[in-house]
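File shown here: data-v3.txt, holding compact mmCIF, C-alpha atoms.
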```txt
# COMPACT_ATOMS: atom_id res chain seq x y z
CA MET W 1 6.29 57.91 2.71
CA THR W 2 5.95 57.84 -1.09
CA TRP W 3 3.01 58.84 -3.28
CA TYR W 4 2.37 55.14 -3.78
CA LEU W 5 1.31 55.08 -0.13
CA ILE W 6 -0.11 58.58 0.27
CA ILE W 7 -2.65 58.34 -2.56
CA PRO W 8 -4.24 54.97 -1.54
CA PHE W 9 -4.46 56.03 2.10
CA ALA W 10 -5.98 59.35 1.06
CA VAL W 11 -8.62 57.36 -0.83
CA LEU W 12 -9.24 55.24 2.28
CA ILE W 13 -9.69 58.35 4.45
CA LEU W 14 -12.07 59.82 1.87
CA ALA W 15 -14.07 56.57 1.97
CA PHE W 16 -14.40 56.96 5.75
CA VAL W 17 -15.50 60.59 5.38
CA VAL W 18 -18.29 59.71 2.91
CA LYS W 19 -19.31 56.80 5.19
CA MET W 20 -18.54 54.08 2.67
CA PRO W 21 -18.47 50.59 4.27
CA ILE W 22 -14.95 49.94 5.51
CA ALA W 23 -14.46 46.82 3.39
CA TYR W 24 -15.37 48.67 0.18
CA GLY W 25 -13.10 51.53 1.18
CA MET W 26 -10.12 49.22 1.60
CA ILE W 27 -10.82 47.46 -1.70
CA LEU W 28 -11.05 50.83 -3.46
CA SER W 29 -7.77 51.84 -1.85
CA GLY W 30 -6.16 48.63 -3.11
CA ILE W 31 -7.44 49.23 -6.63
CA THR W 32 -6.11 52.80 -6.52
CA TYR W 33 -2.70 51.56 -5.42
CA ALA W 34 -2.53 49.04 -8.24
CA LEU W 35 -3.44 51.71 -10.81
CA VAL W 36 -0.98 54.27 -9.42
CA LYS W 37 1.77 51.65 -9.23
CA GLY W 38 1.02 50.37 -12.71
CA LEU W 39 0.26 46.84 -11.54
CA SER W 40 -2.17 44.47 -13.21
CA LEU W 41 -5.36 44.21 -11.16
CA SER W 42 -5.70 40.53 -12.06
CA VAL W 43 -2.16 39.79 -10.83
CA VAL W 44 -2.76 41.64 -7.55
CA ALA W 45 -6.10 39.91 -6.99
CA SER W 46 -4.59 36.51 -7.77
CA SER W 47 -1.73 37.15 -5.32
CA ILE W 48 -4.11 38.10 -2.51
CA VAL W 49 -6.52 35.23 -3.10
CA ASN W 50 -3.78 32.61 -3.38
CA SER W 51 -1.93 33.79 -0.28
CA LEU W 52 -4.96 34.05 1.98
CA PHE W 53 -8.00 32.15 0.78
CA GLY W 54 -5.96 29.22 -0.46
CA SER W 55 -5.27 28.31 3.15
CA PHE W 56 -6.87 25.06 4.31
CA VAL W 57 -7.00 26.34 7.90
CA ILE W 58 -9.31 29.25 7.12
CA ILE W 59 -12.04 26.84 5.99
CA ALA W 60 -12.60 26.19 9.71
CA VAL W 61 -14.10 29.68 10.12
CA PRO W 62 -17.47 29.05 8.39
CA LEU W 63 -17.65 25.61 10.01
CA PHE W 64 -17.39 27.02 13.54
CA ILE W 65 -19.81 29.83 12.63
CA PHE W 66 -22.29 27.19 11.47
CA ALA W 67 -21.85 25.20 14.70
CA ALA W 68 -22.43 28.36 16.77
CA ASN W 69 -25.57 29.20 14.83
CA ILE W 70 -26.92 25.68 15.34
CA MET W 71 -26.36 25.98 19.09
CA ASN W 72 -28.09 29.34 19.23
CA SER W 73 -31.09 28.14 17.22
CA THR W 74 -31.67 25.04 19.38
CA THR W 75 -31.64 24.40 23.15
CA ILE W 76 -27.90 23.74 23.42
CA THR W 77 -27.23 27.22 24.84
CA GLU W 78 -30.00 26.63 27.37
CA ARG W 79 -28.33 23.39 28.51
CA VAL W 80 -25.01 25.19 28.95
CA PHE W 81 -26.72 27.90 31.02
CA ASP W 82 -28.52 25.34 33.20
CA PHE W 83 -25.29 23.46 33.87
CA ALA W 84 -23.41 26.64 34.82
CA ASN W 85 -26.27 27.62 37.11
CA ALA W 86 -26.12 24.22 38.84
CA ILE W 87 -22.38 24.68 39.48
CA VAL W 88 -22.07 28.29 40.67
CA GLY W 89 -25.61 29.67 40.86
CA ARG W 90 -25.94 29.27 44.63
CA ARG W 91 -23.56 32.17 45.42
CA ARG W 92 -24.61 35.76 46.08
CA GLY W 93 -24.93 37.34 42.68
CA GLY W 94 -25.13 33.78 41.38
CA LEU W 95 -26.47 34.66 37.95
CA GLY W 96 -23.51 36.97 37.39
CA HIS W 97 -21.20 34.05 38.14
CA VAL W 98 -23.31 31.84 35.85
CA ASN W 99 -22.89 34.44 33.12
CA CYS W 100 -19.09 34.11 33.32
CA LEU W 101 -18.90 30.32 33.66
CA ALA W 102 -21.47 29.69 30.92
CA SER W 103 -19.47 31.91 28.56
CA LEU W 104 -16.33 29.91 29.31
CA VAL W 105 -18.10 26.61 28.60
CA PHE W 106 -19.82 27.97 25.51
CA SER W 107 -16.52 29.32 24.20
CA GLY W 108 -15.25 25.75 24.07
CA MET W 109 -17.91 25.07 21.43
CA THR W 110 -18.04 28.08 19.12
CA GLY W 111 -14.89 30.25 19.23
CA SER W 112 -16.96 33.39 18.66
CA ALA W 113 -17.53 36.28 21.07
CA VAL W 114 -20.47 37.60 19.06
CA ALA W 115 -22.15 34.17 19.05
CA ASP W 116 -21.82 34.07 22.84
CA ALA W 117 -23.22 37.57 23.36
CA SER W 118 -26.08 37.22 20.88
CA GLY W 119 -27.18 33.66 21.71
CA LEU W 120 -26.27 32.75 25.27
CA GLY W 121 -26.33 36.45 26.15
CA LEU W 122 -30.06 36.74 25.49
CA MET W 123 -30.77 33.99 28.03
CA GLU W 124 -28.36 35.49 30.57
CA VAL W 125 -29.85 38.96 30.27
CA ASP W 126 -33.43 37.72 30.67
CA ALA W 127 -32.59 35.65 33.76
CA MET W 128 -30.58 38.41 35.46
CA ARG W 129 -33.19 41.05 34.72
CA LYS W 130 -35.98 38.94 36.20
CA ALA W 131 -33.86 38.40 39.32
CA GLY W 132 -33.52 42.15 39.88
CA TYR W 133 -30.01 42.91 38.59
CA ASP W 134 -29.33 46.40 37.25
CA ASP W 135 -29.72 46.60 33.48
CA GLY W 136 -26.35 48.26 32.96
CA PHE W 137 -24.46 45.69 35.02
CA THR W 138 -26.33 42.82 33.36
CA ALA W 139 -25.48 43.96 29.83
CA ALA W 140 -21.90 44.89 30.78
CA ILE W 141 -20.99 41.53 32.33
CA THR W 142 -22.61 39.79 29.35
CA ALA W 143 -20.38 41.75 26.98
CA ALA W 144 -17.25 41.31 29.12
CA SER W 145 -17.71 37.56 29.62
CA ALA W 146 -18.26 37.06 25.88
CA THR W 147 -14.63 38.08 25.28
CA MET W 148 -13.62 34.62 26.54
CA GLY W 149 -15.09 33.05 23.39
CA PRO W 150 -12.03 33.46 21.17
CA ILE W 151 -9.50 32.93 23.99
CA PHE W 152 -10.56 29.45 25.06
CA PRO W 153 -10.31 26.99 22.15
CA PRO W 154 -11.60 26.64 19.53
CA SER W 155 -11.11 30.21 18.36
CA ILE W 156 -11.85 31.84 15.02
CA PRO W 157 -9.39 34.76 15.56
CA MET W 158 -6.66 32.25 16.48
CA ILE W 159 -7.25 30.47 13.19
CA MET W 160 -6.90 33.79 11.36
CA TYR W 161 -3.71 34.61 13.27
CA ALA W 162 -2.30 31.18 12.40
CA VAL W 163 -2.99 31.83 8.72
CA LEU W 164 -1.16 35.17 8.90
CA SER W 165 1.78 34.14 11.06
CA GLY W 166 2.35 30.47 10.26
CA ALA W 167 1.94 29.57 13.94
CA SER W 168 0.47 26.21 14.93
CA VAL W 169 -3.30 26.31 15.43
CA SER W 170 -3.28 23.51 18.00
CA ALA W 171 -0.49 25.24 19.97
CA LEU W 172 -2.48 28.49 19.94
CA PHE W 173 -5.53 26.62 21.22
CA GLU W 174 -3.46 25.15 24.04
CA GLY W 175 -1.96 28.55 24.84
CA GLY W 176 -5.39 30.14 25.25
CA MET W 177 -6.71 27.74 27.90
CA ILE W 178 -5.12 29.17 31.06
CA PRO W 179 -5.64 32.85 30.07
CA ALA W 180 -9.34 32.14 29.45
CA VAL W 181 -9.72 30.50 32.85
CA LEU W 182 -7.88 33.42 34.49
CA LEU W 183 -10.17 35.86 32.71
CA CYS W 184 -13.24 33.96 33.89
CA ALA W 185 -11.99 33.78 37.48
CA SER W 186 -11.09 37.49 37.53
CA LEU W 187 -14.51 38.55 36.23
CA MET W 188 -16.19 36.27 38.77
CA LEU W 189 -14.20 37.91 41.57
CA TYR W 190 -15.40 41.30 40.36
CA VAL W 191 -18.98 40.02 40.16
CA GLY W 192 -18.67 38.78 43.75
CA TYR W 193 -17.43 42.18 44.91
CA VAL W 194 -20.22 44.10 43.17
CA SER W 195 -22.86 41.59 44.29
CA ARG W 196 -21.95 42.01 47.95
CA LYS W 197 -21.81 45.79 47.59
CA ARG W 198 -25.21 46.02 45.88
CA GLN W 199 -26.78 43.08 47.68
CA TYR W 200 -27.66 41.18 44.53
CA PRO W 201 -29.70 38.04 45.27
CA TYR W 202 -28.64 34.46 45.77
CA SER W 203 -29.85 32.07 43.10
CA LYS W 204 -31.76 28.88 43.70
CA SER W 205 -29.50 26.11 44.97
CA VAL W 206 -29.43 23.02 42.76
CA LYS W 207 -28.58 19.88 44.73
CA GLY W 208 -28.97 16.13 44.77
CA LYS W 209 -31.14 14.54 42.11
CA GLU W 210 -31.91 17.87 40.46
CA PHE W 211 -28.19 18.59 40.06
CA TRP W 212 -27.47 15.22 38.46
CA LYS W 213 -30.55 15.49 36.25
CA THR W 214 -29.39 18.90 34.98
CA THR W 215 -25.88 17.58 34.40
CA LEU W 216 -27.15 14.52 32.54
CA HIS W 217 -29.36 16.60 30.27
CA SER W 218 -26.45 18.97 29.59
CA LEU W 219 -23.89 16.21 29.00
CA PRO W 220 -24.27 15.85 25.20
CA ALA W 221 -23.71 19.59 24.80
CA LEU W 222 -20.83 19.62 27.30
CA LEU W 223 -19.07 16.86 25.37
CA THR W 224 -18.64 19.19 22.38
CA PRO W 225 -15.37 20.83 23.54
CA VAL W 226 -14.09 17.47 24.81
CA ILE W 227 -14.59 15.89 21.38
CA LEU W 228 -13.14 18.88 19.54
CA LEU W 229 -10.06 19.41 21.66
CA GLY W 230 -9.49 15.70 22.14
CA GLY W 231 -9.54 15.20 18.40
CA ILE W 232 -7.11 18.05 17.75
CA TYR W 233 -4.60 17.26 20.49
CA SER W 234 -4.63 13.52 19.88
CA GLY W 235 -3.80 14.13 16.23
CA VAL W 236 -6.99 12.47 15.01
CA CYS W 237 -8.09 15.64 13.20
CA THR W 238 -6.84 19.08 12.28
CA ALA W 239 -8.47 22.33 13.42
CA THR W 240 -10.34 22.54 10.12
CA GLU W 241 -11.57 18.97 10.41
CA ALA W 242 -12.55 19.71 14.01
CA GLY W 243 -14.75 22.50 12.67
CA ALA W 244 -16.52 19.96 10.46
CA VAL W 245 -16.86 17.61 13.44
CA ALA W 246 -18.34 20.43 15.52
CA ALA W 247 -20.88 21.25 12.83
CA PHE W 248 -21.89 17.59 12.43
CA TYR W 249 -22.01 16.92 16.18
CA THR W 250 -24.21 19.94 16.93
CA ILE W 251 -26.68 18.78 14.27
CA LEU W 252 -26.57 15.24 15.67
CA ILE W 253 -27.30 16.15 19.30
CA SER W 254 -29.94 18.69 18.26
CA LEU W 255 -31.77 15.99 16.31
CA VAL W 256 -31.15 12.87 18.41
CA PHE W 257 -30.89 14.11 22.01
CA TYR W 258 -32.80 17.39 22.17
CA HIS W 259 -35.18 17.04 19.19
CA THR W 260 -35.13 20.80 18.61
CA LEU W 261 -33.74 21.14 15.09
CA SER W 262 -36.36 21.46 12.37
CA TRP W 263 -35.80 21.78 8.65
CA LYS W 264 -36.95 25.41 8.85
CA SER W 265 -34.43 26.28 11.58
CA LEU W 266 -31.65 24.38 9.77
CA LYS W 267 -32.38 26.30 6.58
CA LYS W 268 -32.30 29.61 8.47
CA THR W 269 -29.03 28.60 10.15
CA MET W 270 -27.44 27.84 6.79
CA VAL W 271 -28.55 31.20 5.38
CA ASP W 272 -27.27 33.07 8.46
CA THR W 273 -23.96 31.21 8.24
CA ALA W 274 -23.60 32.11 4.57
CA LYS W 275 -24.26 35.77 5.36
CA SER W 276 -21.77 35.83 8.24
CA THR W 277 -19.14 33.97 6.24
CA GLY W 278 -19.61 36.33 3.31
CA ALA W 279 -19.24 39.37 5.54
CA ILE W 280 -16.11 38.00 7.22
CA GLY W 281 -14.67 36.84 3.90
CA LEU W 282 -15.21 40.28 2.35
CA MET W 283 -13.58 41.95 5.34
CA ILE W 284 -10.60 39.58 5.27
CA GLY W 285 -10.14 40.07 1.54
CA ALA W 286 -10.43 43.85 1.86
CA ALA W 287 -7.98 43.97 4.74
CA ALA W 288 -5.64 41.74 2.71
CA CYS W 289 -5.65 44.48 0.04
CA MET W 290 -4.26 46.91 2.59
CA SER W 291 -1.80 44.29 3.79
CA PHE W 292 -0.63 43.82 0.20
CA ILE W 293 0.01 47.56 -0.13
CA VAL W 294 2.07 47.93 3.04
CA THR W 295 3.99 44.71 2.37
CA ASN W 296 4.74 45.65 -1.23
CA GLU W 297 6.02 49.04 -0.07
CA HIS W 298 8.17 47.39 2.64
CA VAL W 299 6.36 49.23 5.43
CA PRO W 300 6.82 46.30 7.88
CA ASP W 301 10.59 46.48 7.38
CA ALA W 302 10.56 50.23 8.00
CA ILE W 303 8.45 49.80 11.13
CA ALA W 304 10.75 47.01 12.35
CA ALA W 305 13.82 49.18 11.83
CA ALA W 306 12.20 52.14 13.60
CA MET W 307 11.07 50.12 16.59
CA LEU W 308 14.37 48.27 16.93
CA SER W 309 16.20 51.59 16.85
CA PHE W 310 13.97 52.68 19.73
CA THR W 311 14.27 49.53 21.85
CA HIS W 312 15.62 45.99 21.76
CA ASN W 313 13.77 45.08 24.94
CA LYS W 314 10.88 42.76 24.19
CA TYR W 315 9.05 43.80 27.36
CA VAL W 316 9.06 47.44 26.31
CA PHE W 317 7.92 46.31 22.86
CA TYR W 318 5.03 44.38 24.41
CA LEU W 319 4.00 47.46 26.40
CA ILE W 320 3.99 49.62 23.26
CA ILE W 321 2.08 47.02 21.23
CA ASN W 322 -0.50 46.49 23.96
CA ILE W 323 -1.17 50.21 24.23
CA ILE W 324 -1.43 50.60 20.45
CA PHE W 325 -3.76 47.62 20.04
CA LEU W 326 -5.94 48.65 22.98
CA ILE W 327 -6.42 52.06 21.39
CA LEU W 328 -7.03 50.62 17.92
CA GLY W 329 -9.49 48.13 19.39
CA MET W 330 -11.75 51.01 20.39
CA PHE W 331 -12.33 51.84 16.74
CA ILE W 332 -11.43 48.86 14.52
CA ASP W 333 -12.93 45.36 14.43
CA THR W 334 -10.86 42.28 15.22
CA GLN W 335 -10.60 40.85 11.70
CA THR W 336 -9.30 44.12 10.27
CA MET W 337 -6.78 44.57 13.07
CA LEU W 338 -5.38 41.08 12.66
CA VAL W 339 -5.13 41.05 8.88
CA VAL W 340 -3.77 44.58 8.53
CA PHE W 341 -1.50 44.98 11.55
CA ILE W 342 -0.12 41.51 12.28
CA PRO W 343 2.01 41.47 9.09
CA LEU W 344 3.35 44.90 10.11
CA VAL W 345 4.69 43.81 13.49
CA LEU W 346 5.73 40.21 12.75
CA PRO W 347 9.24 41.22 11.58
CA VAL W 348 9.82 42.93 14.96
CA VAL W 349 8.40 39.94 16.84
CA LYS W 350 10.78 37.59 15.06
CA ALA W 351 13.76 39.95 15.42
CA LEU W 352 13.23 40.13 19.19
CA GLY W 353 12.90 36.35 19.48
CA ILE W 354 9.34 36.51 20.84
CA ASP W 355 7.40 33.25 20.82
CA LEU W 356 4.72 33.40 18.11
CA ILE W 357 2.24 31.46 20.25
CA HIS W 358 2.64 33.78 23.23
CA PHE W 359 2.42 36.86 21.05
CA GLY W 360 -0.68 35.53 19.30
CA VAL W 361 -2.59 34.83 22.54
CA VAL W 362 -1.63 38.24 23.95
CA ILE W 363 -2.76 40.07 20.81
CA ILE W 364 -6.02 38.14 20.53
CA LEU W 365 -6.91 38.85 24.17
CA ASN W 366 -6.06 42.48 23.48
CA THR W 367 -8.40 42.63 20.48
CA MET W 368 -11.15 40.90 22.47
CA ILE W 369 -10.92 43.63 25.12
CA GLY W 370 -11.39 46.06 22.24
CA LEU W 371 -14.72 44.42 21.41
CA SER W 372 -16.04 45.62 24.78
CA THR W 373 -14.32 49.01 24.80
CA PRO W 374 -16.16 52.24 24.00
CA PRO W 375 -16.89 53.95 21.73
CA PHE W 376 -17.29 51.35 18.98
CA GLY W 377 -16.81 47.95 20.67
CA MET W 378 -19.03 45.51 18.78
CA LEU W 379 -20.10 43.62 21.91
CA LEU W 380 -21.49 46.84 23.37
CA PHE W 381 -23.87 47.14 20.44
CA VAL W 382 -24.73 43.42 20.44
CA THR W 383 -25.62 43.37 24.13
CA SER W 384 -27.45 46.68 23.82
CA GLY W 385 -29.55 45.20 21.04
CA VAL W 386 -30.16 41.96 22.95
CA SER W 387 -31.07 43.65 26.23
CA GLY W 388 -32.58 46.91 25.07
CA THR W 389 -30.20 48.75 27.43
CA PRO W 390 -28.85 52.13 26.20
CA ILE W 391 -25.17 52.10 25.21
CA LYS W 392 -24.31 54.88 27.68
CA THR W 393 -25.71 52.80 30.57
CA ILE W 394 -23.56 49.81 29.57
CA ILE W 395 -20.45 51.97 29.18
CA LYS W 396 -20.82 53.31 32.72
CA GLU W 397 -20.78 49.77 34.15
CA ILE W 398 -18.20 48.14 31.88
CA TRP W 399 -15.14 50.32 32.63
CA PRO W 400 -14.17 48.43 35.83
CA MET W 401 -14.54 45.14 33.94
CA ILE W 402 -12.25 46.45 31.21
CA LEU W 403 -9.65 47.27 33.88
CA VAL W 404 -9.96 43.71 35.21
CA MET W 405 -9.42 42.31 31.71
CA ILE W 406 -6.43 44.60 31.13
CA GLY W 407 -4.99 43.27 34.39
CA VAL W 408 -5.20 39.72 33.03
CA LEU W 409 -3.68 40.93 29.75
CA MET W 410 -0.68 42.40 31.58
CA LEU W 411 -0.31 39.22 33.62
CA ILE W 412 -0.11 36.88 30.62
CA THR W 413 2.07 39.41 28.76
CA TYR W 414 4.80 39.44 31.38
CA VAL W 415 4.39 35.88 32.63
CA PRO W 416 4.69 33.96 29.32
CA TRP W 417 4.62 30.63 31.18
CA LEU W 418 0.88 31.07 31.66
CA VAL W 419 0.52 30.74 27.89
CA THR W 420 3.34 28.41 26.92
CA CYS W 421 3.20 25.85 29.73
CA LEU W 422 0.64 23.68 27.91
CA THR W 423 2.15 24.03 24.42
```
Structure encoded using C-alpha cells:
Amino acid sequence: MTWYLIIPFAVLILAFVVKMPIAYGMILSGITYALVKGLSLSVVASSIVNSLFGSFVIIAVPLFIFAANIMNSTTITERVFDFANAIVGRRRGGLGHVNCLASLVFSGMTGSAVADASGLGLMEVDAMRKAGYDDGFTAAITAASATMGPIFPPSIPMIMYAVLSGASVSALFEGGMIPAVLLCASLMLYVGYVSRKRQYPYSKSVKGKEFWKTTLHSLPALLTPVILLGGIYSGVCTATEAGAVAAFYTILISLVFYHTLSWKSLKKTMVDTAKSTGAIGLMIGAAACMSFIVTNEHVPDAIAAAMLSFTHNKYVFYLIINIIFLILGMFIDTQTMLVVFIPLVLPVVKALGIDLIHFGVVIILNTMIGLSTPPFGMLLFVTSGVSGTPIKTIIKEIWPMILVMIGVLMLITYVPWLVTCLT
C-alpha cells in the first residue's frame, strides 16, 4: 500500500472519528488523493461524472422513487394491503402472512425496501398491533419482508449494479423473480411457525362478493408491475422508460381511479423525491470518488491476484464474498457497498467465469439482508420510527428471520439455476 492510498484513507477514517457525514468524508478523501497525486480536480471530477452520471440507466432511480412516493401518499398501498389480506389473511397469524405477501406485491411497483417499510409498513404495523401481535415481532417481520423490495423487479439497486458492471437490467430483473418468491415463502413459513407457537389470531376471512370487490378495487394498483415488466420484457420500453411509465401510471390511477392525489400532496411528493434523489446522488458520487481512487491505484487487480492465488474455486469465492458482504452490510448502506466494492471484485468474478446476472442477484440479496442486520441496518431504524418500538426489542425478534434470509441466500448462491432459469 502506497502513500497515495494511505493518506486518503487516513482522511476518511478521521472524517468518521469527527462524525462527518459519510458522503462528505469520501469526497474529502477523493480531493486529498487528487492533491497528493498531483491530479487536476476538474479532470478527476469530469471523469467521475462522465463515467457514472452520464448513464441513461441511472435516470430510472429518481423515477421509481417518485412512483414509490406517489403510492405512499395516496391509497395505493392500502389497496395492496387489502388484496394481500384477501388472499392469505384467513390463516393463523394471517396479518404476518399479509405483511410478507403485500411486500412482495408492493416490491413489483417501487423497487425500494425503504419505501416498503416506511409506507406499507405503517399500515402493516397498525393492523398487527391492533390484532394483538407482539410489537417486536410486528416491527421485525415488517423490516425483514421489506428486503424483498429490491429483489423482485423493478429494483433500484439492480439498476445501480447494472451501471457498475455492464450487466443487462432486464436480465437482472428476471433473475430476481424466483429468489424474491423464495424469500417471501420462507418468511411466511417462519411466520406460520411463530404464529402457532404464540397462538397469534386468525384474521377475518374474505370470501365471495367481498373478495371480488376487494380484488376489483385493487386491480388498477396491481396492474402496475404487469405493465412495467410487460413493457420491459416485450422490448416496448427500457428500464429507464419503465420508470417514467411507473411515475405516470401511479399519478393516473391516483387521479382517475382512487381520486386521492391533490395538488398539495403531489407538490410534497415532488419535494420528497428531490430530497431523496439528491441524497442518493450525493452518496453515489461520493462513493464513486473512492472507487476512482482504488481503480486508479489498481487495487482491484491486486485483490484479484490475491484471491486467485488463494482459490480458483468459484464456490469458495462465493462463500468468502457472502461472509464479507454480510459483515459489511451491518455497518455500510447499500449504495456505498455497491459503488465502492463491486468494482473491486468484478475482475475476480470475470476471471472465475461467474455469470454477472447470478452474481448481481446474490450480492443484492446479501446487501438487503444487511439492511435488517444489527447494529446499523437502516430498516431497523425505519421500522422503529414507524412503529415506535425500541431498536433492542426489534433486534431480539429479527435474528431468526435473518437466519431464514441467509438460508435463501445460500440456496440461490449454490443453485444458480434459481436465478438464471428465467434469463
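Near region 268-274 of chain W, within a cut-off of 6 Å and counting only C-alpha atoms, sit the residues W:Phe66, W:Asn69, W:Ser265, W:Thr277, W:Gly278, with same-chain residues fewer than 3 positions away left out.
The interatomic distance for the pair CA of Met26 (chain W) and CA of Ala287 (chain W) works out to 6.5 Å.
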Quick one: distance from CA of Val163 (chain W) to CA of His298 (chain W) in Å, one decimal?
-> 20.1 Å
Using all atoms listed in the file, determine which residues lie at most 12 Å from Thr334 (chain W), disregarding the query and same-chain residues fewer than 6 positions distant; provide the list as a PyMOL selection string.
-> chain W and resi 112-114+147+150+156-158+160-161+280+283-284+287+325-326+328+340-342+363-372+376-379
Pull the closest atom pair for each residue of region 146-221 of chain W that gets at most 12 Å from region 383-399 of chain W, along with the distance in Å to one decimal, counting all atoms listed in the file, ordering rows by chain and then ascending residue number, as a Markdown table.
```
| residue | atom | partner | partner_atom | distance |
| --- | --- | --- | --- | --- |
| W:Ala146 | CA | W:Thr383 | CA | 9.9 |
| W:Leu187 | CA | W:Ile398 | CA | 11.2 |
| W:Tyr190 | CA | W:Ile398 | CA | 11.2 |
| W:Val191 | CA | W:Glu397 | CA | 11.6 |
| W:Val194 | CA | W:Glu397 | CA | 10.7 |
```
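When CA of Ile59 (chain W) is paired with CA of Asp355 (chain W), their separation reads 25.3 Å.
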Tell me which protein, DNA and RNA residues are within 8 Å of Ala171 (chain W), counting all atoms listed in the file, leaving out same-chain ones fewer than 4 positions away, and put them as a PDB file with C-alpha atoms, keeping the file's coordinate frame.
```pdb
ATOM      1  CA  ALA W 167       1.940  29.570  13.940  1.00  0.00           C
ATOM      2  CA  GLY W 175      -1.960  28.550  24.840  1.00  0.00           C
ATOM      3  CA  ILE W 357       2.240  31.460  20.250  1.00  0.00           C
ATOM      4  CA  THR W 423       2.150  24.030  24.420  1.00  0.00           C
TER       5      THR W 423
END
```
